[in-house]
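Everything below belongs to my_file-v7.tsv, which stores TSV, C-alpha atoms.
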chain	number	residue	atom	x	y	z
B	1	MET	CA	95.36	60.52	94.57
B	2	LEU	CA	98.43	61.02	92.42
B	3	ILE	CA	99.88	64.20	93.90
B	4	ASP	CA	99.13	65.56	97.34
B	5	CYS	CA	100.74	68.95	97.80
B	6	LYS	CA	100.12	70.65	101.11
B	7	ASN	CA	101.04	74.17	102.22
B	8	VAL	CA	104.15	74.24	100.08
B	9	GLN	CA	106.40	77.24	100.32
B	10	LYS	CA	109.61	77.93	98.40
B	11	LYS	CA	111.92	80.72	99.47
B	12	TYR	CA	115.12	81.83	97.85
B	13	LEU	CA	117.60	84.14	99.57
B	14	SER	CA	115.88	87.37	98.71
B	15	LYS	CA	112.42	86.37	97.54
B	16	THR	CA	109.57	83.96	98.02
B	17	ALA	CA	108.69	82.20	94.75
B	18	VAL	CA	105.88	80.09	96.19
B	19	GLU	CA	104.04	81.40	99.22
B	20	ASP	CA	101.49	78.73	100.08
B	21	ILE	CA	100.20	76.16	97.59
B	22	SER	CA	97.95	73.20	98.34
B	23	ILE	CA	96.85	71.15	95.34
B	24	GLU	CA	95.58	67.61	94.89
B	25	ILE	CA	96.08	65.94	91.52
B	26	GLU	CA	93.81	63.00	90.74
B	27	LYS	CA	94.36	60.16	88.34
B	28	GLY	CA	93.09	60.50	84.78
B	29	LYS	CA	92.40	64.22	84.69
B	30	ILE	CA	93.76	67.18	82.76
B	31	TYR	CA	94.70	70.26	84.80
B	32	ALA	CA	95.52	73.79	83.75
B	33	LEU	CA	97.95	75.67	85.95
B	34	LEU	CA	97.17	79.25	85.11
B	35	GLY	CA	98.78	82.56	85.94
B	36	PRO	CA	101.05	85.24	84.55
B	37	ASN	CA	104.82	84.88	84.38
B	38	GLY	CA	106.42	85.03	87.81
B	39	SER	CA	103.35	83.76	89.67
B	40	GLY	CA	105.14	80.58	90.82
B	41	LYS	CA	103.95	77.96	88.31
B	42	THR	CA	107.40	76.86	87.17
B	43	THR	CA	108.81	76.79	90.70
B	44	TRP	CA	105.94	74.54	91.78
B	45	MET	CA	106.38	72.18	88.81
B	46	LYS	CA	110.11	71.87	89.46
B	47	MET	CA	109.38	70.79	93.03
B	48	VAL	CA	106.88	68.16	91.85
B	49	ALA	CA	109.47	66.98	89.30
B	50	GLY	CA	111.97	66.63	92.16
B	51	LEU	CA	114.39	69.24	90.81
B	52	SER	CA	114.13	71.39	93.91
B	53	LYS	CA	112.77	70.98	97.40
B	54	PRO	CA	110.09	72.96	99.23
B	55	THR	CA	111.27	75.22	102.07
B	56	SER	CA	108.24	74.05	104.03
B	57	GLY	CA	105.15	71.93	103.44
B	58	TYR	CA	105.19	68.62	101.61
B	59	ILE	CA	104.53	66.99	98.24
B	60	LEU	CA	103.62	63.31	97.99
B	61	PHE	CA	103.45	61.18	94.85
B	62	LYS	CA	101.04	58.26	95.48
B	63	GLY	CA	101.59	58.75	99.19
B	64	GLU	CA	105.37	58.78	99.07
B	65	PRO	CA	107.82	61.69	99.06
B	66	ILE	CA	109.14	62.90	95.70
B	67	GLY	CA	112.26	60.90	94.79
B	68	VAL	CA	113.78	58.40	92.38
B	69	LYS	CA	110.55	56.44	92.15
B	70	SER	CA	108.32	59.42	91.39
B	71	LYS	CA	110.84	60.76	88.86
B	72	SER	CA	110.51	57.56	86.85
B	73	LYS	CA	106.74	58.08	86.65
B	74	VAL	CA	106.63	61.82	86.04
B	75	ALA	CA	107.40	63.25	82.60
B	76	TYR	CA	108.28	66.90	83.06
B	77	MET	CA	108.80	69.31	80.19
B	78	PRO	CA	110.58	72.47	81.33
B	79	THR	CA	110.46	75.75	79.41
B	80	GLU	CA	114.18	75.59	78.66
B	81	PRO	CA	115.60	72.93	76.27
B	82	PHE	CA	116.82	69.73	77.97
B	83	TYR	CA	119.08	68.34	75.26
B	84	TYR	CA	122.46	69.38	73.95
B	85	ASN	CA	122.70	71.65	70.96
B	86	TYR	CA	124.94	69.31	68.97
B	87	MET	CA	122.33	66.55	69.06
B	88	THR	CA	120.15	65.69	66.09
B	89	VAL	CA	116.44	64.99	66.50
B	90	GLN	CA	117.30	61.29	66.29
B	91	ASP	CA	119.96	61.65	69.01
B	92	VAL	CA	117.41	63.25	71.33
B	93	GLY	CA	115.25	60.13	70.92
B	94	LYS	CA	118.15	57.82	71.77
B	95	TYR	CA	119.20	60.01	74.69
B	96	TYR	CA	115.68	59.83	76.08
B	97	GLN	CA	115.49	56.10	75.52
B	98	ASP	CA	118.66	55.65	77.57
B	99	PHE	CA	117.31	57.80	80.36
B	100	PHE	CA	113.75	56.57	80.74
B	101	ALA	CA	112.54	52.98	80.87
B	102	ASP	CA	109.03	54.09	79.87
B	103	PHE	CA	110.18	55.84	76.66
B	104	ASP	CA	108.46	54.52	73.53
B	105	ILE	CA	110.74	55.17	70.56
B	106	GLN	CA	108.05	54.23	68.01
B	107	ARG	CA	105.68	56.75	69.51
B	108	TYR	CA	108.52	59.31	69.41
B	109	ASN	CA	109.20	58.65	65.75
B	110	SER	CA	105.54	58.98	64.83
B	111	LEU	CA	105.25	62.23	66.80
B	112	ILE	CA	108.38	63.59	65.08
B	113	GLU	CA	106.73	62.86	61.77
B	114	ARG	CA	103.45	64.47	62.78
B	115	MET	CA	105.26	67.58	64.01
B	116	GLU	CA	107.05	67.74	60.66
B	117	LEU	CA	110.49	67.50	62.21
B	118	ASN	CA	113.41	65.89	60.41
B	119	GLN	CA	115.35	63.17	62.27
B	120	LYS	CA	118.64	64.43	60.81
B	121	ASP	CA	118.18	68.06	61.84
B	122	LYS	CA	120.50	69.42	64.51
B	123	ALA	CA	118.80	70.84	67.59
B	124	ARG	CA	120.82	74.06	67.31
B	125	ASN	CA	119.42	74.75	63.82
B	126	LEU	CA	115.76	74.41	64.78
B	127	SER	CA	113.49	77.45	64.82
B	128	SER	CA	111.93	78.19	68.20
B	129	GLY	CA	108.63	76.65	67.09
B	130	LEU	CA	110.30	73.40	65.95
B	131	ALA	CA	112.42	73.25	69.11
B	132	ALA	CA	109.23	73.51	71.16
B	133	LYS	CA	107.69	70.65	69.15
B	134	LEU	CA	110.77	68.50	69.70
B	135	LYS	CA	110.50	68.93	73.48
B	136	ILE	CA	106.84	67.96	73.39
B	137	ALA	CA	107.45	64.86	71.25
B	138	ALA	CA	110.20	63.66	73.60
B	139	THR	CA	108.10	64.25	76.72
B	140	LEU	CA	104.86	62.74	75.42
B	141	ALA	CA	106.62	59.66	74.02
B	142	ARG	CA	107.09	58.49	77.60
B	143	LYS	CA	104.41	56.26	79.12
B	144	ALA	CA	104.27	58.24	82.34
B	145	GLU	CA	101.63	58.48	85.05
B	146	LEU	CA	101.92	62.23	85.21
B	147	TYR	CA	102.86	64.63	82.44
B	148	MET	CA	103.79	68.17	83.42
B	149	LEU	CA	104.11	70.54	80.51
B	150	ASP	CA	105.43	74.00	81.28
B	151	GLU	CA	104.11	76.44	78.65
B	152	PRO	CA	103.80	73.88	75.82
B	153	LEU	CA	101.94	76.31	73.54
B	154	ASN	CA	104.30	79.23	73.88
B	155	GLY	CA	105.80	80.44	70.60
B	156	ILE	CA	103.82	77.93	68.57
B	157	ASP	CA	101.55	78.88	65.67
B	158	ILE	CA	97.83	78.07	65.62
B	159	ILE	CA	98.07	75.07	63.26
B	160	ALA	CA	100.81	73.46	65.31
B	161	ARG	CA	98.88	74.17	68.53
B	162	GLU	CA	96.08	71.99	67.26
B	163	LYS	CA	98.55	69.15	66.63
B	164	ILE	CA	99.98	69.55	70.10
B	165	ILE	CA	96.54	69.53	71.74
B	166	THR	CA	95.67	66.40	69.74
B	167	THR	CA	98.86	64.74	70.97
B	168	ILE	CA	98.06	65.75	74.55
B	169	LEU	CA	94.52	64.34	74.21
B	170	GLU	CA	95.93	61.06	72.84
B	171	GLY	CA	98.23	60.87	75.85
B	172	ALA	CA	95.32	61.38	78.24
B	173	SER	CA	93.91	58.17	79.65
B	174	GLU	CA	92.32	56.87	82.81
B	175	ASP	CA	95.80	56.05	84.07
B	176	ALA	CA	97.60	59.28	83.26
B	177	SER	CA	97.15	62.82	84.52
B	178	ILE	CA	98.33	65.91	82.72
B	179	ILE	CA	99.20	69.33	84.12
B	180	ILE	CA	99.61	72.11	81.58
B	181	SER	CA	100.89	75.49	82.65
B	182	SER	CA	99.99	78.37	80.44
B	183	HIS	CA	98.94	81.93	80.16
B	184	LEU	CA	97.16	81.07	76.89
B	185	VAL	CA	93.89	80.26	78.63
B	186	ASP	CA	91.77	80.37	75.51
B	187	GLU	CA	93.54	77.33	74.05
B	188	LEU	CA	92.91	75.29	77.17
B	189	GLU	CA	89.30	76.20	77.93
B	190	LYS	CA	87.77	73.13	76.27
B	191	VAL	CA	90.57	70.70	77.04
B	192	ILE	CA	90.79	70.72	80.82
B	193	ASP	CA	88.93	69.00	83.65
B	194	PHE	CA	90.25	71.28	86.34
B	195	ALA	CA	91.63	74.82	86.53
B	196	ILE	CA	94.10	76.12	89.10
B	197	PHE	CA	94.74	79.87	89.18
B	198	ILE	CA	98.05	80.86	90.79
B	199	LYS	CA	98.60	84.44	91.90
B	200	ASN	CA	101.67	85.71	93.73
B	201	GLY	CA	102.69	82.23	94.85
B	202	LYS	CA	99.24	81.29	96.16
B	203	VAL	CA	96.21	79.50	94.80
B	204	ALA	CA	93.73	82.27	93.98
B	205	LEU	CA	91.01	79.86	92.81
B	206	GLN	CA	90.75	76.21	91.84
B	207	GLY	CA	87.97	73.88	90.76
B	208	GLU	CA	86.38	71.65	88.14
B	209	ALA	CA	86.22	73.72	84.95
B	210	GLU	CA	82.58	72.89	84.23
B	211	ARG	CA	81.55	73.67	87.81
B	212	LEU	CA	83.47	76.95	87.88
B	213	ARG	CA	81.77	78.01	84.67
B	214	GLU	CA	78.38	77.20	86.19
B	215	GLU	CA	78.94	78.64	89.67
B	216	LYS	CA	80.67	81.84	88.61
B	217	ASN	CA	78.62	82.11	85.44
B	218	ALA	CA	81.81	82.88	83.52
B	219	SER	CA	84.19	81.08	81.21
B	220	ILE	CA	87.69	80.15	82.40
B	221	VAL	CA	88.97	82.93	80.13
B	222	GLU	CA	86.71	85.47	81.86
B	223	LEU	CA	87.70	84.20	85.30
B	224	TYR	CA	91.35	84.56	84.31
B	225	LYS	CA	90.75	88.19	83.33
B	226	SER	CA	88.91	88.97	86.55
B	227	ILE	CA	91.59	87.37	88.73
B	228	TYR	CA	94.63	88.96	87.14
B	229	ALA	CA	93.25	92.29	85.89
V	1	MET	CA	83.68	73.92	65.33
V	2	ASP	CA	83.63	77.32	66.99
V	3	PHE	CA	82.63	77.18	70.63
V	4	ASP	CA	80.72	79.72	72.65
V	5	ASN	CA	82.41	79.97	76.04
V	6	THR	CA	79.18	80.92	77.78
V	7	VAL	CA	77.44	77.58	77.09
V	8	PRO	CA	78.69	74.28	78.60
V	9	ILE	CA	80.88	72.49	76.06
V	10	TYR	CA	79.07	69.16	76.30
V	11	LEU	CA	75.76	70.85	75.40
V	12	GLN	CA	77.30	72.49	72.35
V	13	VAL	CA	78.68	69.19	71.05
V	14	ILE	CA	75.36	67.44	71.75
V	15	ARG	CA	73.59	70.11	69.72
V	16	GLN	CA	76.07	69.58	66.88
V	17	ILE	CA	75.59	65.79	66.93
V	18	LYS	CA	71.81	66.24	66.89
V	19	SER	CA	72.00	68.52	63.90
V	20	ASP	CA	74.33	66.03	62.16
V	21	LEU	CA	71.59	63.45	62.66
V	22	ILE	CA	68.87	65.69	61.25
V	23	GLN	CA	71.02	66.63	58.29
V	24	GLY	CA	71.94	63.03	57.59
V	25	ASN	CA	75.69	63.41	58.25
V	26	LEU	CA	75.14	60.78	60.90
V	27	GLN	CA	72.81	57.87	60.05
V	28	LEU	CA	70.50	55.81	62.23
V	29	GLY	CA	72.25	52.63	63.37
V	30	GLU	CA	75.70	53.97	62.46
V	31	LYS	CA	78.71	53.32	64.70
V	32	MET	CA	79.82	56.50	66.45
V	33	LEU	CA	83.37	57.67	67.18
V	34	SER	CA	85.03	56.34	70.32
V	35	THR	CA	85.13	58.86	73.17
V	36	ARG	CA	88.82	59.45	72.49
V	37	GLU	CA	88.17	60.07	68.80
V	38	LEU	CA	85.33	62.40	69.70
V	39	ALA	CA	87.64	64.30	72.09
V	40	ILE	CA	90.28	64.69	69.39
V	41	MET	CA	87.80	65.65	66.69
V	42	TYR	CA	86.31	68.48	68.74
V	43	GLN	CA	89.57	69.13	70.64
V	44	ILE	CA	87.77	68.67	73.94
V	45	ASN	CA	88.45	67.00	77.25
V	46	PRO	CA	88.05	63.17	77.13
V	47	ASN	CA	85.86	63.18	80.24
V	48	THR	CA	83.60	65.74	78.55
V	49	ALA	CA	83.42	63.35	75.58
V	50	SER	CA	82.24	60.47	77.79
V	51	ARG	CA	79.69	62.76	79.39
V	52	ILE	CA	78.33	63.60	75.93
V	53	TYR	CA	77.73	59.94	75.15
V	54	LYS	CA	76.14	59.38	78.56
V	55	GLU	CA	73.69	62.24	78.00
V	56	LEU	CA	72.90	61.07	74.46
V	57	GLU	CA	72.26	57.60	75.82
V	58	LEU	CA	69.85	58.99	78.44
V	59	GLU	CA	67.95	60.72	75.65
V	60	GLY	CA	67.79	57.45	73.73
V	61	ILE	CA	69.83	58.82	70.85
V	62	CYS	CA	72.62	56.29	71.13
V	63	PHE	CA	73.41	53.05	72.92
V	64	THR	CA	76.49	51.06	73.83
V	65	LYS	CA	77.15	47.55	72.57
V	66	ARG	CA	79.44	45.96	75.10
V	67	GLY	CA	82.95	45.72	73.77
V	68	LEU	CA	81.94	47.07	70.38
V	69	GLY	CA	81.35	50.77	70.93
V	70	THR	CA	78.58	53.31	70.73
V	71	TYR	CA	75.91	53.22	68.03
V	72	VAL	CA	73.20	55.63	66.91
V	73	THR	CA	69.73	54.34	67.73
V	74	GLU	CA	67.69	52.77	64.92
V	75	ASP	CA	64.49	54.30	66.22
V	76	GLN	CA	62.96	56.74	63.68
V	77	ASN	CA	60.90	58.39	66.43
V	78	VAL	CA	64.06	59.80	67.97
V	79	LEU	CA	64.68	61.85	64.83
V	80	ILE	CA	61.17	63.26	65.02
V	81	THR	CA	61.63	64.16	68.70
V	82	ILE	CA	64.92	65.94	67.97
V	83	LYS	CA	63.35	67.88	65.10
V	84	GLU	CA	60.44	68.98	67.26
V	85	GLU	CA	62.79	69.97	70.04
V	86	MET	CA	64.94	72.05	67.67
V	87	ALA	CA	61.88	73.64	66.09
V	88	ASP	CA	60.56	74.51	69.53
V	89	THR	CA	63.82	76.24	70.52
V	90	ALA	CA	63.97	78.15	67.24
V	91	ILE	CA	60.35	79.33	67.31
V	92	THR	CA	60.52	80.37	70.97
V	93	GLN	CA	63.60	82.49	70.29
V	94	PHE	CA	62.01	83.98	67.19
V	95	VAL	CA	58.75	84.88	68.89
V	96	GLU	CA	60.58	86.40	71.86
V	97	SER	CA	62.75	88.58	69.67
V	98	MET	CA	59.80	89.74	67.56
V	99	LYS	CA	57.87	90.61	70.73
V	100	SER	CA	60.84	92.51	72.08
V	101	ILE	CA	60.84	94.82	69.06
V	102	GLY	CA	57.11	95.41	69.39
V	103	PHE	CA	55.56	93.21	66.71
V	104	THR	CA	52.05	91.84	67.26
V	105	LYS	CA	51.03	88.29	66.48
V	106	GLU	CA	49.25	89.52	63.34
V	107	ASP	CA	52.36	91.40	62.14
V	108	VAL	CA	54.50	88.32	62.69
V	109	VAL	CA	52.13	85.99	60.85
V	110	ARG	CA	51.97	88.43	57.92
V	111	LEU	CA	55.77	88.68	57.78
V	112	VAL	CA	56.19	84.92	57.94
V	113	GLU	CA	53.76	84.53	55.04
V	114	GLN	CA	55.78	87.03	53.03
V	115	HIS	CA	59.17	85.49	53.75
V	116	TYR	CA	58.57	81.75	53.84
Re-express the file's structure as structure tokens.
Amino acid sequence: MLIDCKNVQKKYLSKTAVEDISIEIEKGKIYALLGPNGSGKTTWMKMVAGLSKPTSGYILFKGEPIGVKSKSKVAYMPTEPFYYNYMTVQDVGKYYQDFFADFDIQRYNSLIERMELNQKDKARNLSSGLAAKLKIAATLARKAELYMLDEPLNGIDIIAREKIITTILEGASEDASIIISSHLVDELEKVIDFAIFIKNGKVALQGEAERLREEKNASIVELYKSIYA
Amino acid sequence: MDFDNTVPIYLQVIRQIKSDLIQGNLQLGEKMLSTRELAIMYQINPNTASRIYKELELEGICFTKRGLGTYVTEDQNVLITIKEEMADTAITQFVESMKSIGFTKEDVVRLVEQHY
């Protein structure tokens, strides 16, 4: 098992962002982390990425606590940009190469080309759609064991979504797992092995996508509507 | 390809591959896409793609050459079986829907004669 997360809770001074989440992430599968804004998806991902710590409960990466080692194996793409505005697309590649031993600059360059980005463009001048593509290219150019993409399809047009899903599918292998958070369930229906529905900081439902469809006699999209309506 | 969310995805792709075979878009003995290529082409989960090939193999439609990939069978009979299977599904649906709007067997036969 890649990630073993048990009874995790995250409290801030005045509110509880994650109430009680237990999730197991297996090797080689694609997961959707579903739920509306504010349900706790981002808070949970940040804890798995090692950017914040649970108030209670634990998260293990291959049996060990989250730390330097897990960070080198987990490629996390936050919703906010992670590069400086003065950087060009090319600089972002170099910056990432310096940071991560598993970064493949050739893969990055080919993704930049596919996403129709220009190496010389400054990050600050990119439209929101292009900025989103840049983040995805940088994250998926790592050879990680776990990719966590927070809202990768947000603000991206339909044509570009297809390119992004193709890139995600290319990154999927028996050795890598992928967690995609989204409220765009429709786009993920066919892509995922496993769906996790988060509601008010708790897991409302989770299971193999194909089994859920069979057992509940409903698509993931329909389940989403019934859980959050 | 447009998917229907009420039918398992692997079944929909299998149906598509079968109709590609009948229509000649896919030839007997031809090398098929790798599971990854299949996943990307239909924008589906890679594990679903391997399941599709497993099911097709069970039905004798394709086979794996070790280290080389997956190939369409060379057996003509398989095409005939698929055609019969598709015809059976189509005719069953048709007869059911005609019955449900109150047509007798005689009416249906007459209409088929007229339209064919």
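The residue that comes closest to Gln90 (chain B), out of B:Asp186, B:Asp102, B:Asp20, B:Glu113 and on the basis of only C-alpha atoms, is B:Glu113.
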Legend entry - Separation of CA of Glu59 (chain V) from CA of Leu21 (chain V) in Å: 13.8 Å
Inset, instruction - Would you please work out which residue, of V:Thr104, V:Gln12, V:Ser34, V:Thr92, is nearest to Ser50 (chain V) when using all atoms listed in the file? - result: V:Ser34
Could you give me, as JSON lines, every chain V residue with an atom at most 9 Å from chain B, plus its closest atom pair and distance in Å to one decimal, counting all atoms listed in the file, rows ordered by chain then number?
{"residue": "V:Phe3", "atom": "CA", "partner": "B:Lys190", "partner_atom": "CA", "distance": 8.6}
{"residue": "V:Asn5", "atom": "CA", "partner": "B:Ser219", "partner_atom": "CA", "distance": 5.6}
{"residue": "V:Thr6", "atom": "CA", "partner": "B:Ser219", "partner_atom": "CA", "distance": 6.1}
{"residue": "V:Val7", "atom": "CA", "partner": "B:Ser219", "partner_atom": "CA", "distance": 8.6}
{"residue": "V:Pro8", "atom": "CA", "partner": "B:Glu210", "partner_atom": "CA", "distance": 7.0}
{"residue": "V:Ile9", "atom": "CA", "partner": "B:Lys190", "partner_atom": "CA", "distance": 6.9}
{"residue": "V:Arg36", "atom": "CA", "partner": "B:Glu170", "partner_atom": "CA", "distance": 7.3}
{"residue": "V:Glu37", "atom": "CA", "partner": "B:Glu170", "partner_atom": "CA", "distance": 8.8}
{"residue": "V:Ala39", "atom": "CA", "partner": "B:Leu169", "partner_atom": "CA", "distance": 7.2}
{"residue": "V:Ile40", "atom": "CA", "partner": "B:Thr166", "partner_atom": "CA", "distance": 5.7}
{"residue": "V:Met41", "atom": "CA", "partner": "B:Thr166", "partner_atom": "CA", "distance": 8.5}
{"residue": "V:Tyr42", "atom": "CA", "partner": "B:Lys190", "partner_atom": "CA", "distance": 9.0}
{"residue": "V:Gln43", "atom": "CA", "partner": "B:Val191", "partner_atom": "CA", "distance": 6.7}
{"residue": "V:Ile44", "atom": "CA", "partner": "B:Val191", "partner_atom": "CA", "distance": 4.6}
{"residue": "V:Asn45", "atom": "CA", "partner": "B:Val191", "partner_atom": "CA", "distance": 4.3}
{"residue": "V:Pro46", "atom": "CA", "partner": "B:Leu169", "partner_atom": "CA", "distance": 7.2}
{"residue": "V:Asn47", "atom": "CA", "partner": "B:Asp193", "partner_atom": "CA", "distance": 7.4}
{"residue": "V:Thr48", "atom": "CA", "partner": "B:Asp193", "partner_atom": "CA", "distance": 8.1}
For the residues in the current selection, export C-alpha atoms as a PDB file, in the coordinates of the input.
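Writing done, so here's result.pdb:
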ATOM      1  CA  PHE V   3      82.630  77.180  70.630  1.00  0.00           C
ATOM      2  CA  ASN V   5      82.410  79.970  76.040  1.00  0.00           C
ATOM      3  CA  THR V   6      79.180  80.920  77.780  1.00  0.00           C
ATOM      4  CA  VAL V   7      77.440  77.580  77.090  1.00  0.00           C
ATOM      5  CA  PRO V   8      78.690  74.280  78.600  1.00  0.00           C
ATOM      6  CA  ILE V   9      80.880  72.490  76.060  1.00  0.00           C
ATOM      7  CA  ARG V  36      88.820  59.450  72.490  1.00  0.00           C
ATOM      8  CA  GLU V  37      88.170  60.070  68.800  1.00  0.00           C
ATOM      9  CA  ALA V  39      87.640  64.300  72.090  1.00  0.00           C
ATOM     10  CA  ILE V  40      90.280  64.690  69.390  1.00  0.00           C
ATOM     11  CA  MET V  41      87.800  65.650  66.690  1.00  0.00           C
ATOM     12  CA  TYR V  42      86.310  68.480  68.740  1.00  0.00           C
ATOM     13  CA  GLN V  43      89.570  69.130  70.640  1.00  0.00           C
ATOM     14  CA  ILE V  44      87.770  68.670  73.940  1.00  0.00           C
ATOM     15  CA  ASN V  45      88.450  67.000  77.250  1.00  0.00           C
ATOM     16  CA  PRO V  46      88.050  63.170  77.130  1.00  0.00           C
ATOM     17  CA  ASN V  47      85.860  63.180  80.240  1.00  0.00           C
ATOM     18  CA  THR V  48      83.600  65.740  78.550  1.00  0.00           C
TER      19      THR V  48
END
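One finds CA of Thr16 (chain B) at 28.8 Å from CA of Lys135 (chain B).
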Inset, instruction - Give me the residues within 6 Å of Ile180 (chain B) as an NGL selection string, counting all atoms listed in the file and dropping any in the same chain fewer than 2 places off. - result: :B and (32-33 or 149)
Legend entry - Distance query Asn109 (chain B) at most 10 Å, only C-alpha atoms, self and fewer than 6 positions along chain excluded, as a PyMOL selection string: chain B and resi 89-90+93+115+117-119+137-138+141
Using C-alpha atoms, can you export the residues from the last selection as a compact mmCIF listing (two decimals), keeping the file's coordinate frame?
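So selection.txt came out as:
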# COMPACT_ATOMS: atom_id res chain seq x y z
CA VAL B 89 116.44 64.99 66.50
CA GLN B 90 117.30 61.29 66.29
CA GLY B 93 115.25 60.13 70.92
CA MET B 115 105.26 67.58 64.01
CA LEU B 117 110.49 67.50 62.21
CA ASN B 118 113.41 65.89 60.41
CA GLN B 119 115.35 63.17 62.27
CA ALA B 137 107.45 64.86 71.25
CA ALA B 138 110.20 63.66 73.60
CA ALA B 141 106.62 59.66 74.02
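What separates CA of Ala131 (chain B) from CA of Gly155 (chain B) is a distance of 9.9 Å.
Protein, DNA and RNA residues at most 10 Å from (76.7, 54.1, 66.7), with all atoms listed in the file, are these: Leu26, Gln27, Leu28, Gly29, Glu30, Lys31, Met32, Leu33, Ser34, Ile61, Cys62, Phe63, Thr64, Lys65, Leu68, Gly69, Thr70, Tyr71, Val72, Thr73 and Glu74 of chain V.
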Selected residues, C-alpha atoms, written as a PDB file, in the coordinates of the input, please.
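So selection.pdb came out as:
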ATOM      1  CA  LEU V  26      75.140  60.780  60.900  1.00  0.00           C
ATOM      2  CA  GLN V  27      72.810  57.870  60.050  1.00  0.00           C
ATOM      3  CA  LEU V  28      70.500  55.810  62.230  1.00  0.00           C
ATOM      4  CA  GLY V  29      72.250  52.630  63.370  1.00  0.00           C
ATOM      5  CA  GLU V  30      75.700  53.970  62.460  1.00  0.00           C
ATOM      6  CA  LYS V  31      78.710  53.320  64.700  1.00  0.00           C
ATOM      7  CA  MET V  32      79.820  56.500  66.450  1.00  0.00           C
ATOM      8  CA  LEU V  33      83.370  57.670  67.180  1.00  0.00           C
ATOM      9  CA  SER V  34      85.030  56.340  70.320  1.00  0.00           C
ATOM     10  CA  ILE V  61      69.830  58.820  70.850  1.00  0.00           C
ATOM     11  CA  CYS V  62      72.620  56.290  71.130  1.00  0.00           C
ATOM     12  CA  PHE V  63      73.410  53.050  72.920  1.00  0.00           C
ATOM     13  CA  THR V  64      76.490  51.060  73.830  1.00  0.00           C
ATOM     14  CA  LYS V  65      77.150  47.550  72.570  1.00  0.00           C
ATOM     15  CA  LEU V  68      81.940  47.070  70.380  1.00  0.00           C
ATOM     16  CA  GLY V  69      81.350  50.770  70.930  1.00  0.00           C
ATOM     17  CA  THR V  70      78.580  53.310  70.730  1.00  0.00           C
ATOM     18  CA  TYR V  71      75.910  53.220  68.030  1.00  0.00           C
ATOM     19  CA  VAL V  72      73.200  55.630  66.910  1.00  0.00           C
ATOM     20  CA  THR V  73      69.730  54.340  67.730  1.00  0.00           C
ATOM     21  CA  GLU V  74      67.690  52.770  64.920  1.00  0.00           C
TER      22      GLU V  74
END
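Nearest residue to Ile198 (chain B) among B:Tyr31, B:Met87, B:Lys41, B:Ile23 is B:Lys41, counting all atoms listed in the file.
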Legend entry - Contact residues around region 54-58 of chain B with only C-alpha atoms at 10 Å, ignoring same-chain residues under 6 positions, as a list in words: Asp4, Cys5, Lys6, Asn7, Val8, Gln9, Lys10, Lys11, Tyr12, Thr16, Val18, Glu19, Asp20, Ile21, Ser22, Thr43, Trp44, Lys46, Met47, Val48, Pro65 and Ile66 of chain B
Save out the residues we just selected, C-alpha atoms, as a tab-separated table (two decimals), keeping the file's coordinate frame.
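File result.tsv, as written:
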chain	number	residue	atom	x	y	z
B	4	ASP	CA	99.13	65.56	97.34
B	5	CYS	CA	100.74	68.95	97.80
B	6	LYS	CA	100.12	70.65	101.11
B	7	ASN	CA	101.04	74.17	102.22
B	8	VAL	CA	104.15	74.24	100.08
B	9	GLN	CA	106.40	77.24	100.32
B	10	LYS	CA	109.61	77.93	98.40
B	11	LYS	CA	111.92	80.72	99.47
B	12	TYR	CA	115.12	81.83	97.85
B	16	THR	CA	109.57	83.96	98.02
B	18	VAL	CA	105.88	80.09	96.19
B	19	GLU	CA	104.04	81.40	99.22
B	20	ASP	CA	101.49	78.73	100.08
B	21	ILE	CA	100.20	76.16	97.59
B	22	SER	CA	97.95	73.20	98.34
B	43	THR	CA	108.81	76.79	90.70
B	44	TRP	CA	105.94	74.54	91.78
B	46	LYS	CA	110.11	71.87	89.46
B	47	MET	CA	109.38	70.79	93.03
B	48	VAL	CA	106.88	68.16	91.85
B	65	PRO	CA	107.82	61.69	99.06
B	66	ILE	CA	109.14	62.90	95.70
Legend entry - Selected residue of minimal separation from Lys225 (chain B) among B:Ala75, B:Leu34, B:Ile178, B:Tyr96, counting all atoms listed in the file: B:Leu34
Inset, instruction - Just the residues within 12 Å of Thr139 (chain B), please, counting only C-alpha atoms, with nothing from its chain fewer than 6 positions along; format it as a ChimeraX atom specification. - result: /B:73-78,81-83,92-93,96-97,99-100,102-105,107-108,111-112,132-133,146-150,152,164,167-168,171,178
Go ahead and fit an axis-aligned box to every listed atom of region 10-29 of chain V plus 5 Å each side, and pass me the centre and edge lengths in Å, one decimal, as lines of an AutoDock Vina configuration file.
center_x = 74.0
center_y = 62.6
center_z = 66.9
size_x = 20.2
size_y = 29.9
size_z = 28.7
